[in-house]
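> Got a structure for you, written out below as structure tokens; questions coming shortly.
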Amino acid sequence: MAQLKASLRPAPAPPPTPIPVTLNVNGVERTLHLAPWTTLLDALRLHLDLTGTKKGCDHGQCGACTVLVDGRRINSCLTLAAMQDGRKVTTIEGLTTGDALHPLQEAFIEHDAFQCGYCTPGQICSAAGLIAEGKASTDDEIRELMSGNLCRCGAYPNIVAAIRQAMATAAPKAEGAP
Amino acid sequence: MRSFTYARAASAADAVGRAGASGTAFVAGGTNLLDLMKADVLRPEGLVDISRLPLDRIEETAEGGLRLGALARNADTAYDERVQTRYPMLSKAILAGASAQLRNMATNGGNLLQRTRCYYFYDTATPCNKREPGSGCGAIGGVNRIHAILGASDRCIAVHPSDLCVALAALDAVVQVTGPDGERSIPFADFHRLPGDRPEIDTVLRPGDLVTAIDLPAKGFAEHSTYLKIRDRASYAFALVSVAAGLELDGGTVRDARLALGGVAHKPWRDPEAEAALVGKPATPDRFRAAARVLLRDAKGHEHNSFKIELAERAIVRALTEAAERKGAPRP
């Protein structure tokens with residue numbers, strides 16, 4: 001019991017030992033020295049100034065922080081940057097090619113698939129992951145496989161329409177390609 | 001989050017060795033652990049990252065079953081062709097849980113070890129015997145809509161939140177573990193505990209134990225099985241009640257039956273007497289209802305969750321009826 005009680009006390013704060021972390025972010029190799037508790041989301045926003053990826057709930061419930069790691073969509077708020085060392089991260093900033101918007105970005109504009117826009121980077125990265133996974137073909141399947149991305153403005157019908165359009169035009173992509 | 005140290009394990013043996021230090025936790029997918037650390041519910045002093053250990057394969061076993069690596073991602077497991085074909089109820093259960101992003105991160109071993117989503121466990125301003133032994137239970141006499149109707153104690157009425165585990169219980173999976181005392185196999189029914197007077201302990205794992213794999217026996221009830229999940233919204237919510245059902249039929253007669261419930265207890269709930277009540281009987285809703293009543297004979301509701309008792313009965317009848325009527329091909 002004494003041991004259990006001890007484990008509930010606040011841990012003594014050791015001085016942060018920065019961990020070297022190398023990430024390939026949107027095609028550019030970046031090496032950072034981070035405290036162990038730095039999430040991938042905070043590394044992107046606070047250390048790399050890539051603020052396109054949003055912090056919504058910070059608990060994996062809203063999907064605003066969705067990015068692609070090695071081509072797969074994940075919640076960047078629920079992983080440590082150190083755990084992703086050496087991996088390839090694609091954020092909303094990395095989806096564009098030069099000045100040309102990604103087909104999903106075009107479709108979101110065309111279908112008015114956002115109002116305030118806060119969830120949009122996460123929605124688009126998640127949709128890019130969904131298209132690469134290739135498991136959705138109907139609207140119901142899009143809704144089910146996008147359920148990890150909340151939109152409090154309620155733009156869902158237009159988000160589904162935008163994804164359906166981008167899906168129809170997307171050529172099958174190799175794994176790892178957003 | 002509070003500060004902690006981070007180290008990457010070089011091997012399973014290295015991980016087990018490092019876990020000897022008190023206050024150390026393994027991290028793999030991190031989806032539940034980091035969330036609980038942000039909520040200040042868990043306060044490990046050191047994390048040992050096991051996510052790159054070579055335990056992510058799904059392989060055939062000599063007995064004709066499948067070995068699911070502890071570090072295989074939930075999504076990779078659910079979409080594995082062998083799992084979809086031979087264990088459709090498992091695939092369906094995994095895809096009923098969490099979101100696509102979380103399933104891409106969460107591992108099979110971590111899914112087994114996720115903690116309850118009881119509001120009081122998460123809220124450090126309230127008492128909780130699971131979070132702080134001896135402090136009391138906020139759910140008993142509090143808001144308890146999502147809580148247990150079976151196997152609870154006067155210390156804790158939390159439920160285990162997993163979908164995957166409900167199917168693993170129905171399938172008689174076996175958990176492979178390595179630890180300071182060597183390797184051992186734990187039948188799934190024995191892996192999770194009931195709360196009793198030690199609700200802070202969820203499983204029979206000992207300090208330093210590392211889950212390495214989950215073995216599925218050859219029998220997958222692929223012909224007649226399903227996973228039915230009842231929840232407050234259509235997707236991305238924990239189960240109020242869920243049912244993993246598998247039948248082996250000979251014409252219209254039940255030869256073998258498996259029935260496991262989620263959302264009703266501190267562990268996936270199986271009842272041999274309820275399954276025995278199905279065997280040798282016709283596969284009809286009347287018989288399914290009789291078995292459901294056996295399973296629920298000791299069910300006890302609290303102020304807000306008594307609805308779960310009838311909900312569970314209806315869900316069992318519906319799941320068994322679906323399993324009997326059509327092949328349990330996964331609907332992705």
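Simple scheme: letters A, B, ... for chains in structure tokens order, numbers from 1 for residues in each chain, numbers from 1 for ligands in the order shown.
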At a cut-off of 8 Å, list the chain B residues touching chain A, using only C-alpha atoms, as JSON, numbers by chain.
{"B": [1, 2, 3, 4, 5, 6, 23, 29, 30, 31, 34, 35, 38, 43, 44, 45, 49, 51, 98, 99, 100, 101, 102, 104, 105, 132, 235, 236, 332]}
> What's around region 116-119 of chain A at 10 Å? Count only C-alpha atoms, leave out sequence neighbours fewer than 3 positions away in its own chain, and write the answer as a list in words.
Gly52, Thr53, Lys54, Lys55, Gly56, Cys62, Gly63, Ala64, Cys65, Thr66, Ala113, Gly122, Gln123, Ile124, Asn149, Leu150, Cys151, Arg152, Cys153 and Ala155 of chain A
> Nearest residue to Ala93 (chain B) out of B:Ala25, B:Arg115, B:Asp76, B:Ala167, using only C-alpha atoms?
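Smallest distance to Ala93 (chain B) is found for B:Ala167.
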> Name the residues in contact with Glu59 (chain B) at a cut-off of 9 Å, using only C-alpha atoms, excluding same-chain residues fewer than 6 positions from it; report them as number ranges by chain.
B: 65-69
> Take the residues just selected and output them with N, CA, C and O atoms as a PDB file, in the first residue's frame.

```pdb
ATOM      1  N   GLY B  65      -4.465 -21.885 -36.065  1.00  0.00           N
ATOM      2  CA  GLY B  65      -5.023 -20.580 -35.723  1.00  0.00           C
ATOM      3  C   GLY B  65      -4.119 -19.459 -36.195  1.00  0.00           C
ATOM      4  O   GLY B  65      -3.269 -19.660 -37.064  1.00  0.00           O
ATOM      5  N   LEU B  66      -4.318 -18.293 -35.629  1.00  0.00           N
ATOM      6  CA  LEU B  66      -3.486 -17.142 -35.968  1.00  0.00           C
ATOM      7  C   LEU B  66      -2.872 -16.567 -34.697  1.00  0.00           C
ATOM      8  O   LEU B  66      -3.520 -16.539 -33.645  1.00  0.00           O
ATOM      9  N   ARG B  67      -1.619 -16.130 -34.823  1.00  0.00           N
ATOM     10  CA  ARG B  67      -0.964 -15.400 -33.737  1.00  0.00           C
ATOM     11  C   ARG B  67      -0.938 -13.926 -34.108  1.00  0.00           C
ATOM     12  O   ARG B  67      -0.329 -13.543 -35.102  1.00  0.00           O
ATOM     13  N   LEU B  68      -1.624 -13.123 -33.305  1.00  0.00           N
ATOM     14  CA  LEU B  68      -1.668 -11.679 -33.537  1.00  0.00           C
ATOM     15  C   LEU B  68      -0.569 -11.034 -32.706  1.00  0.00           C
ATOM     16  O   LEU B  68      -0.592 -11.129 -31.469  1.00  0.00           O
ATOM     17  N   GLY B  69       0.391 -10.411 -33.357  1.00  0.00           N
ATOM     18  CA  GLY B  69       1.458  -9.743 -32.616  1.00  0.00           C
ATOM     19  C   GLY B  69       0.882  -8.675 -31.711  1.00  0.00           C
ATOM     20  O   GLY B  69      -0.063  -7.966 -32.085  1.00  0.00           O
TER      21      GLY B  69
END
```
> Which of these, B:Ala78, B:Ala125, B:Ala152, B:Ala260, has the shortest distance to Asp40 (chain B) once you count only C-alpha atoms?
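Closest candidate: B:Ala125.
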> Could you work out how far CA of Ala189 (chain B) lies from CA of Asp271 (chain B), giving the answer in Å with one decimal?
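Taking CA of Asp271 (chain B) and CA of Ala189 (chain B), their separation equals 10.2 Å.
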> Let's see if you can do this: from backbone DSSP, list all alpha helix (DSSP H) residues in region 94-310 of chain B, as JSON, numbers by chain.
{"B": [94, 95, 100, 101, 102, 103, 104, 105, 108, 109, 110, 111, 112, 113, 119, 120, 121, 122, 164, 165, 166, 167, 168, 169, 170, 188, 189, 190, 191, 272, 273, 274, 275, 276, 285, 286, 287, 288, 289, 290, 291, 292, 293, 294, 295, 307, 308, 309, 310]}
> I need the residues from that last selection saved to file as a PDB file, in the first residue's frame (with C-alpha atoms), if you can.

```pdb
ATOM      1  CA  ILE B  94     -12.155  -3.821 -33.980  1.00  0.00           C
ATOM      2  CA  LEU B  95     -13.780  -1.666 -36.651  1.00  0.00           C
ATOM      3  CA  ALA B 100      -9.677   5.331 -38.124  1.00  0.00           C
ATOM      4  CA  GLN B 101      -6.813   7.466 -36.784  1.00  0.00           C
ATOM      5  CA  LEU B 102      -6.788   5.743 -33.405  1.00  0.00           C
ATOM      6  CA  ARG B 103      -6.990   2.275 -34.987  1.00  0.00           C
ATOM      7  CA  ASN B 104      -3.909   3.198 -37.046  1.00  0.00           C
ATOM      8  CA  MET B 105      -2.028   3.948 -33.819  1.00  0.00           C
ATOM      9  CA  ASN B 108      -3.490  -5.153 -29.956  1.00  0.00           C
ATOM     10  CA  GLY B 109      -1.571  -5.491 -26.689  1.00  0.00           C
ATOM     11  CA  GLY B 110      -2.402  -1.935 -25.709  1.00  0.00           C
ATOM     12  CA  ASN B 111      -6.070  -2.501 -26.454  1.00  0.00           C
ATOM     13  CA  LEU B 112      -6.121  -5.251 -23.810  1.00  0.00           C
ATOM     14  CA  LEU B 113      -4.552  -2.896 -21.274  1.00  0.00           C
ATOM     15  CA  TYR B 119     -15.990   9.564 -15.641  1.00  0.00           C
ATOM     16  CA  TYR B 120     -14.837   9.390 -12.039  1.00  0.00           C
ATOM     17  CA  PHE B 121     -11.664   7.501 -12.920  1.00  0.00           C
ATOM     18  CA  TYR B 122     -10.784  10.369 -15.269  1.00  0.00           C
ATOM     19  CA  LEU B 164     -11.628  -6.158 -29.516  1.00  0.00           C
ATOM     20  CA  CYS B 165     -11.481  -7.895 -26.135  1.00  0.00           C
ATOM     21  CA  VAL B 166     -15.128  -8.947 -26.301  1.00  0.00           C
ATOM     22  CA  ALA B 167     -14.465 -10.843 -29.524  1.00  0.00           C
ATOM     23  CA  LEU B 168     -11.216 -12.288 -28.125  1.00  0.00           C
ATOM     24  CA  ALA B 169     -13.158 -13.560 -25.116  1.00  0.00           C
ATOM     25  CA  ALA B 170     -15.763 -15.193 -27.355  1.00  0.00           C
ATOM     26  CA  PHE B 188      -8.384 -14.829 -22.216  1.00  0.00           C
ATOM     27  CA  ALA B 189     -11.100 -15.497 -19.637  1.00  0.00           C
ATOM     28  CA  ASP B 190      -8.452 -15.251 -16.892  1.00  0.00           C
ATOM     29  CA  PHE B 191      -6.621 -12.198 -18.232  1.00  0.00           C
ATOM     30  CA  PRO B 272     -20.715 -21.029 -19.647  1.00  0.00           C
ATOM     31  CA  GLU B 273     -24.238 -21.750 -18.398  1.00  0.00           C
ATOM     32  CA  ALA B 274     -25.788 -19.372 -20.916  1.00  0.00           C
ATOM     33  CA  GLU B 275     -23.815 -20.986 -23.735  1.00  0.00           C
ATOM     34  CA  ALA B 276     -24.750 -24.468 -22.502  1.00  0.00           C
ATOM     35  CA  PRO B 285     -35.309 -16.348 -30.868  1.00  0.00           C
ATOM     36  CA  ASP B 286     -37.170 -18.034 -27.980  1.00  0.00           C
ATOM     37  CA  ARG B 287     -34.136 -20.115 -27.132  1.00  0.00           C
ATOM     38  CA  PHE B 288     -31.847 -17.141 -27.565  1.00  0.00           C
ATOM     39  CA  ARG B 289     -33.975 -15.163 -25.128  1.00  0.00           C
ATOM     40  CA  ALA B 290     -33.874 -18.003 -22.615  1.00  0.00           C
ATOM     41  CA  ALA B 291     -30.061 -18.058 -22.834  1.00  0.00           C
ATOM     42  CA  ALA B 292     -29.932 -14.275 -22.442  1.00  0.00           C
ATOM     43  CA  ARG B 293     -31.983 -14.570 -19.255  1.00  0.00           C
ATOM     44  CA  VAL B 294     -29.559 -17.152 -17.904  1.00  0.00           C
ATOM     45  CA  LEU B 295     -26.649 -14.823 -18.642  1.00  0.00           C
ATOM     46  CA  PHE B 307     -31.922   0.019 -18.839  1.00  0.00           C
ATOM     47  CA  LYS B 308     -28.841  -1.981 -19.758  1.00  0.00           C
ATOM     48  CA  ILE B 309     -30.398  -5.189 -18.425  1.00  0.00           C
ATOM     49  CA  GLU B 310     -33.235  -5.236 -20.951  1.00  0.00           C
TER      50      GLU B 310
END
```
> Show me, as a PyMOL selection string, the residues that have an atom within 9 Å of Thr126 (chain B) when counting only C-alpha atoms, minus same-chain residues fewer than 6 positions from it.
chain B and resi 120+135-138
> Excluding Ala107 (chain A) and residues on its chain fewer than 3 positions from it, collect all residues at most 7 Å away from it, counting only C-alpha atoms, and give them as a PyMOL selection string.
chain A and resi 103-104+110-111+162+165-166
> Would you mind exporting the chosen residues as a PDB file, in the first residue's frame, restricted to all heavy atoms?

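Okay, part-v4.pdb is ready:
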```pdb
ATOM      1  N   PRO A 103      -6.261  18.158 -54.594  1.00  0.00           N
ATOM      2  CA  PRO A 103      -7.658  17.950 -55.028  1.00  0.00           C
ATOM      3  C   PRO A 103      -8.670  17.993 -53.875  1.00  0.00           C
ATOM      4  O   PRO A 103      -9.803  18.455 -54.065  1.00  0.00           O
ATOM      5  CB  PRO A 103      -7.621  16.561 -55.662  1.00  0.00           C
ATOM      6  CG  PRO A 103      -6.207  16.366 -56.103  1.00  0.00           C
ATOM      7  CD  PRO A 103      -5.353  17.145 -55.141  1.00  0.00           C
ATOM      8  N   LEU A 104      -8.255  17.562 -52.688  1.00  0.00           N
ATOM      9  CA  LEU A 104      -9.174  17.642 -51.544  1.00  0.00           C
ATOM     10  C   LEU A 104      -9.407  19.095 -51.137  1.00  0.00           C
ATOM     11  O   LEU A 104     -10.524  19.473 -50.764  1.00  0.00           O
ATOM     12  CB  LEU A 104      -8.617  16.853 -50.354  1.00  0.00           C
ATOM     13  CG  LEU A 104      -8.949  15.360 -50.336  1.00  0.00           C
ATOM     14  CD1 LEU A 104      -8.015  14.622 -49.389  1.00  0.00           C
ATOM     15  CD2 LEU A 104     -10.405  15.118 -49.937  1.00  0.00           C
ATOM     16  N   GLU A 110     -14.902  24.004 -53.275  1.00  0.00           N
ATOM     17  CA  GLU A 110     -16.008  23.885 -54.229  1.00  0.00           C
ATOM     18  C   GLU A 110     -17.324  23.516 -53.535  1.00  0.00           C
ATOM     19  O   GLU A 110     -18.387  23.998 -53.909  1.00  0.00           O
ATOM     20  CB  GLU A 110     -15.640  22.818 -55.266  1.00  0.00           C
ATOM     21  CG  GLU A 110     -16.454  22.890 -56.536  1.00  0.00           C
ATOM     22  CD  GLU A 110     -15.906  21.916 -57.569  1.00  0.00           C
ATOM     23  OE1 GLU A 110     -14.666  21.875 -57.758  1.00  0.00           O
ATOM     24  OE2 GLU A 110     -16.717  21.196 -58.156  1.00  0.00           O
ATOM     25  N   HIS A 111     -17.238  22.656 -52.529  1.00  0.00           N
ATOM     26  CA  HIS A 111     -18.451  22.174 -51.855  1.00  0.00           C
ATOM     27  C   HIS A 111     -18.766  22.949 -50.581  1.00  0.00           C
ATOM     28  O   HIS A 111     -19.669  22.545 -49.834  1.00  0.00           O
ATOM     29  CB  HIS A 111     -18.328  20.678 -51.565  1.00  0.00           C
ATOM     30  CG  HIS A 111     -18.411  19.834 -52.790  1.00  0.00           C
ATOM     31  ND1 HIS A 111     -19.604  19.385 -53.309  1.00  0.00           N
ATOM     32  CD2 HIS A 111     -17.448  19.408 -53.630  1.00  0.00           C
ATOM     33  CE1 HIS A 111     -19.374  18.681 -54.406  1.00  0.00           C
ATOM     34  NE2 HIS A 111     -18.059  18.681 -54.628  1.00  0.00           N
ATOM     35  N   ALA A 162     -17.450  16.644 -50.652  1.00  0.00           N
ATOM     36  CA  ALA A 162     -16.108  17.018 -51.111  1.00  0.00           C
ATOM     37  C   ALA A 162     -15.202  15.798 -51.193  1.00  0.00           C
ATOM     38  O   ALA A 162     -14.453  15.624 -52.162  1.00  0.00           O
ATOM     39  CB  ALA A 162     -15.509  18.066 -50.165  1.00  0.00           C
ATOM     40  N   GLN A 165     -16.073  13.603 -54.130  1.00  0.00           N
ATOM     41  CA  GLN A 165     -15.558  14.143 -55.399  1.00  0.00           C
ATOM     42  C   GLN A 165     -14.056  13.889 -55.543  1.00  0.00           C
ATOM     43  O   GLN A 165     -13.589  13.425 -56.577  1.00  0.00           O
ATOM     44  CB  GLN A 165     -15.819  15.655 -55.473  1.00  0.00           C
ATOM     45  CG  GLN A 165     -15.200  16.294 -56.726  1.00  0.00           C
ATOM     46  CD  GLN A 165     -15.448  17.795 -56.769  1.00  0.00           C
ATOM     47  OE1 GLN A 165     -16.591  18.242 -56.658  1.00  0.00           O
ATOM     48  NE2 GLN A 165     -14.397  18.577 -56.917  1.00  0.00           N
ATOM     49  N   ALA A 166     -13.310  14.158 -54.471  1.00  0.00           N
ATOM     50  CA  ALA A 166     -11.853  13.956 -54.533  1.00  0.00           C
ATOM     51  C   ALA A 166     -11.523  12.483 -54.736  1.00  0.00           C
ATOM     52  O   ALA A 166     -10.582  12.134 -55.443  1.00  0.00           O
ATOM     53  CB  ALA A 166     -11.203  14.485 -53.262  1.00  0.00           C
TER      54      ALA A 166
END
```
> Residues of region 41-221 of chain B in strand (DSSP E or B) according to DSSP, as an NGL selection string?
:B and (46-49 or 58-60 or 66-69 or 73 or 107 or 128 or 137 or 174-179 or 182-187 or 192 or 203 or 210-216)
> One decimal, Å: what's the distance from CA of Asp85 (chain A) over to CA of Leu41 (chain A), could you say?
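Rounded to one decimal, the two atoms are 13.5 Å apart.
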> Which distance in Å separates CA of Ala277 (chain B) and CA of Val254 (chain B), to one decimal?
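CA of Val254 (chain B) lies at a distance of 10.0 Å from CA of Ala277 (chain B).
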> Give me, as an mmCIF file with all heavy atoms, in the first residue's frame, all polymer residues having an atom no more than 10 Å from Arg198 (chain B), counting only C-alpha atoms and skipping those fewer than 2 positions away in the same chain.

```cif
data_model
loop_
_atom_site.group_PDB
_atom_site.id
_atom_site.type_symbol
_atom_site.label_atom_id
_atom_site.label_comp_id
_atom_site.auth_asym_id
_atom_site.auth_seq_id
_atom_site.Cartn_x
_atom_site.Cartn_y
_atom_site.Cartn_z
ATOM 1 N N ASN B 129 -11.753 4.449 -6.387
ATOM 2 C CA ASN B 129 -10.936 3.366 -5.824
ATOM 3 C C ASN B 129 -9.978 2.769 -6.846
ATOM 4 O O ASN B 129 -8.977 2.161 -6.471
ATOM 5 C CB ASN B 129 -11.843 2.260 -5.288
ATOM 6 C CG ASN B 129 -12.536 2.670 -4.001
ATOM 7 O OD1 ASN B 129 -11.951 3.357 -3.164
ATOM 8 N ND2 ASN B 129 -13.789 2.255 -3.841
ATOM 9 N N LYS B 130 -10.278 2.923 -8.112
ATOM 10 C CA LYS B 130 -9.393 2.388 -9.144
ATOM 11 C C LYS B 130 -8.184 3.317 -9.323
ATOM 12 O O LYS B 130 -7.059 2.850 -9.491
ATOM 13 C CB LYS B 130 -10.159 2.236 -10.467
ATOM 14 C CG LYS B 130 -9.345 1.576 -11.578
ATOM 15 C CD LYS B 130 -10.116 1.450 -12.870
ATOM 16 C CE LYS B 130 -11.099 0.297 -12.872
ATOM 17 N NZ LYS B 130 -10.431 -1.018 -12.706
ATOM 18 N N PRO B 133 -6.697 3.971 -4.568
ATOM 19 C CA PRO B 133 -7.317 2.940 -3.732
ATOM 20 C C PRO B 133 -7.706 3.474 -2.358
ATOM 21 O O PRO B 133 -6.926 4.183 -1.715
ATOM 22 C CB PRO B 133 -6.221 1.874 -3.632
ATOM 23 C CG PRO B 133 -5.420 2.048 -4.886
ATOM 24 C CD PRO B 133 -5.434 3.521 -5.178
ATOM 25 N N GLY B 134 -8.930 3.144 -1.980
ATOM 26 C CA GLY B 134 -9.402 3.548 -0.654
ATOM 27 C C GLY B 134 -10.109 4.891 -0.619
ATOM 28 O O GLY B 134 -10.649 5.279 0.409
ATOM 29 N N SER B 153 -18.509 -4.676 -7.743
ATOM 30 C CA SER B 153 -18.357 -4.819 -6.291
ATOM 31 C C SER B 153 -18.790 -3.513 -5.616
ATOM 32 O O SER B 153 -19.108 -2.541 -6.299
ATOM 33 C CB SER B 153 -16.890 -5.124 -5.928
ATOM 34 O OG SER B 153 -16.090 -3.963 -6.041
ATOM 35 N N ARG B 155 -16.911 -1.600 -4.300
ATOM 36 C CA ARG B 155 -15.790 -0.665 -4.422
ATOM 37 C C ARG B 155 -15.731 -0.020 -5.814
ATOM 38 O O ARG B 155 -15.126 1.024 -5.975
ATOM 39 C CB ARG B 155 -14.446 -1.392 -4.208
ATOM 40 C CG ARG B 155 -14.319 -2.145 -2.914
ATOM 41 C CD ARG B 155 -13.974 -1.206 -1.770
ATOM 42 N NE ARG B 155 -13.857 -1.949 -0.518
ATOM 43 C CZ ARG B 155 -12.698 -2.416 -0.055
ATOM 44 N NH1 ARG B 155 -11.586 -2.221 -0.709
ATOM 45 N NH2 ARG B 155 -12.670 -3.080 1.079
ATOM 46 N N CYS B 156 -16.295 -0.710 -6.814
ATOM 47 C CA CYS B 156 -16.102 -0.260 -8.191
ATOM 48 C C CYS B 156 -17.159 -0.858 -9.103
ATOM 49 O O CYS B 156 -17.412 -2.064 -9.063
ATOM 50 C CB CYS B 156 -14.702 -0.678 -8.674
ATOM 51 S SG CYS B 156 -14.308 -0.200 -10.377
ATOM 52 N N ARG B 193 -9.525 -9.031 -14.622
ATOM 53 C CA ARG B 193 -10.063 -9.350 -13.297
ATOM 54 C C ARG B 193 -11.431 -8.683 -13.085
ATOM 55 O O ARG B 193 -11.746 -7.695 -13.730
ATOM 56 C CB ARG B 193 -9.155 -8.790 -12.203
ATOM 57 C CG ARG B 193 -7.792 -9.370 -12.082
ATOM 58 C CD ARG B 193 -7.021 -8.636 -10.984
ATOM 59 N NE ARG B 193 -7.554 -8.900 -9.645
ATOM 60 C CZ ARG B 193 -8.288 -8.050 -8.938
ATOM 61 N NH1 ARG B 193 -8.594 -6.869 -9.423
ATOM 62 N NH2 ARG B 193 -8.706 -8.363 -7.734
ATOM 63 N N LEU B 194 -12.157 -9.197 -12.114
ATOM 64 C CA LEU B 194 -13.310 -8.446 -11.606
ATOM 65 C C LEU B 194 -12.803 -7.523 -10.495
ATOM 66 O O LEU B 194 -11.746 -7.779 -9.912
ATOM 67 C CB LEU B 194 -14.380 -9.413 -11.095
ATOM 68 C CG LEU B 194 -15.113 -10.170 -12.218
ATOM 69 C CD1 LEU B 194 -16.114 -11.148 -11.631
ATOM 70 C CD2 LEU B 194 -15.795 -9.194 -13.174
ATOM 71 N N PRO B 195 -13.528 -6.451 -10.193
ATOM 72 C CA PRO B 195 -12.954 -5.442 -9.287
ATOM 73 C C PRO B 195 -12.748 -5.935 -7.855
ATOM 74 O O PRO B 195 -11.719 -5.641 -7.251
ATOM 75 C CB PRO B 195 -13.974 -4.304 -9.342
ATOM 76 C CG PRO B 195 -15.243 -4.929 -9.801
ATOM 77 C CD PRO B 195 -14.838 -6.052 -10.714
ATOM 78 N N GLY B 196 -13.734 -6.686 -7.324
ATOM 79 C CA GLY B 196 -13.614 -7.145 -5.940
ATOM 80 C C GLY B 196 -13.190 -6.022 -5.013
ATOM 81 O O GLY B 196 -13.691 -4.900 -5.128
ATOM 82 N N GLU B 200 -8.142 -1.388 -8.369
ATOM 83 C CA GLU B 200 -7.018 -0.717 -9.032
ATOM 84 C C GLU B 200 -6.243 -1.679 -9.931
ATOM 85 O O GLU B 200 -5.424 -1.247 -10.737
ATOM 86 C CB GLU B 200 -6.097 -0.075 -7.986
ATOM 87 C CG GLU B 200 -5.240 -1.033 -7.168
ATOM 88 C CD GLU B 200 -5.956 -1.617 -5.948
ATOM 89 O OE1 GLU B 200 -7.204 -1.581 -5.903
ATOM 90 O OE2 GLU B 200 -5.264 -2.134 -5.048
ATOM 91 N N ILE B 201 -6.508 -2.984 -9.790
ATOM 92 C CA ILE B 201 -5.796 -3.969 -10.611
ATOM 93 C C ILE B 201 -6.749 -4.506 -11.681
ATOM 94 O O ILE B 201 -7.748 -5.142 -11.376
ATOM 95 C CB ILE B 201 -5.267 -5.132 -9.738
ATOM 96 C CG1 ILE B 201 -4.434 -4.576 -8.571
ATOM 97 C CG2 ILE B 201 -4.425 -6.084 -10.589
ATOM 98 C CD1 ILE B 201 -4.017 -5.636 -7.564
ATOM 99 N N ASP B 202 -6.431 -4.234 -12.949
ATOM 100 C CA ASP B 202 -7.326 -4.606 -14.042
ATOM 101 C C ASP B 202 -7.091 -6.023 -14.552
ATOM 102 O O ASP B 202 -8.002 -6.675 -15.054
ATOM 103 C CB ASP B 202 -7.136 -3.649 -15.234
ATOM 104 C CG ASP B 202 -7.681 -2.250 -14.969
ATOM 105 O OD1 ASP B 202 -8.342 -2.053 -13.937
ATOM 106 O OD2 ASP B 202 -7.442 -1.354 -15.813
#
```
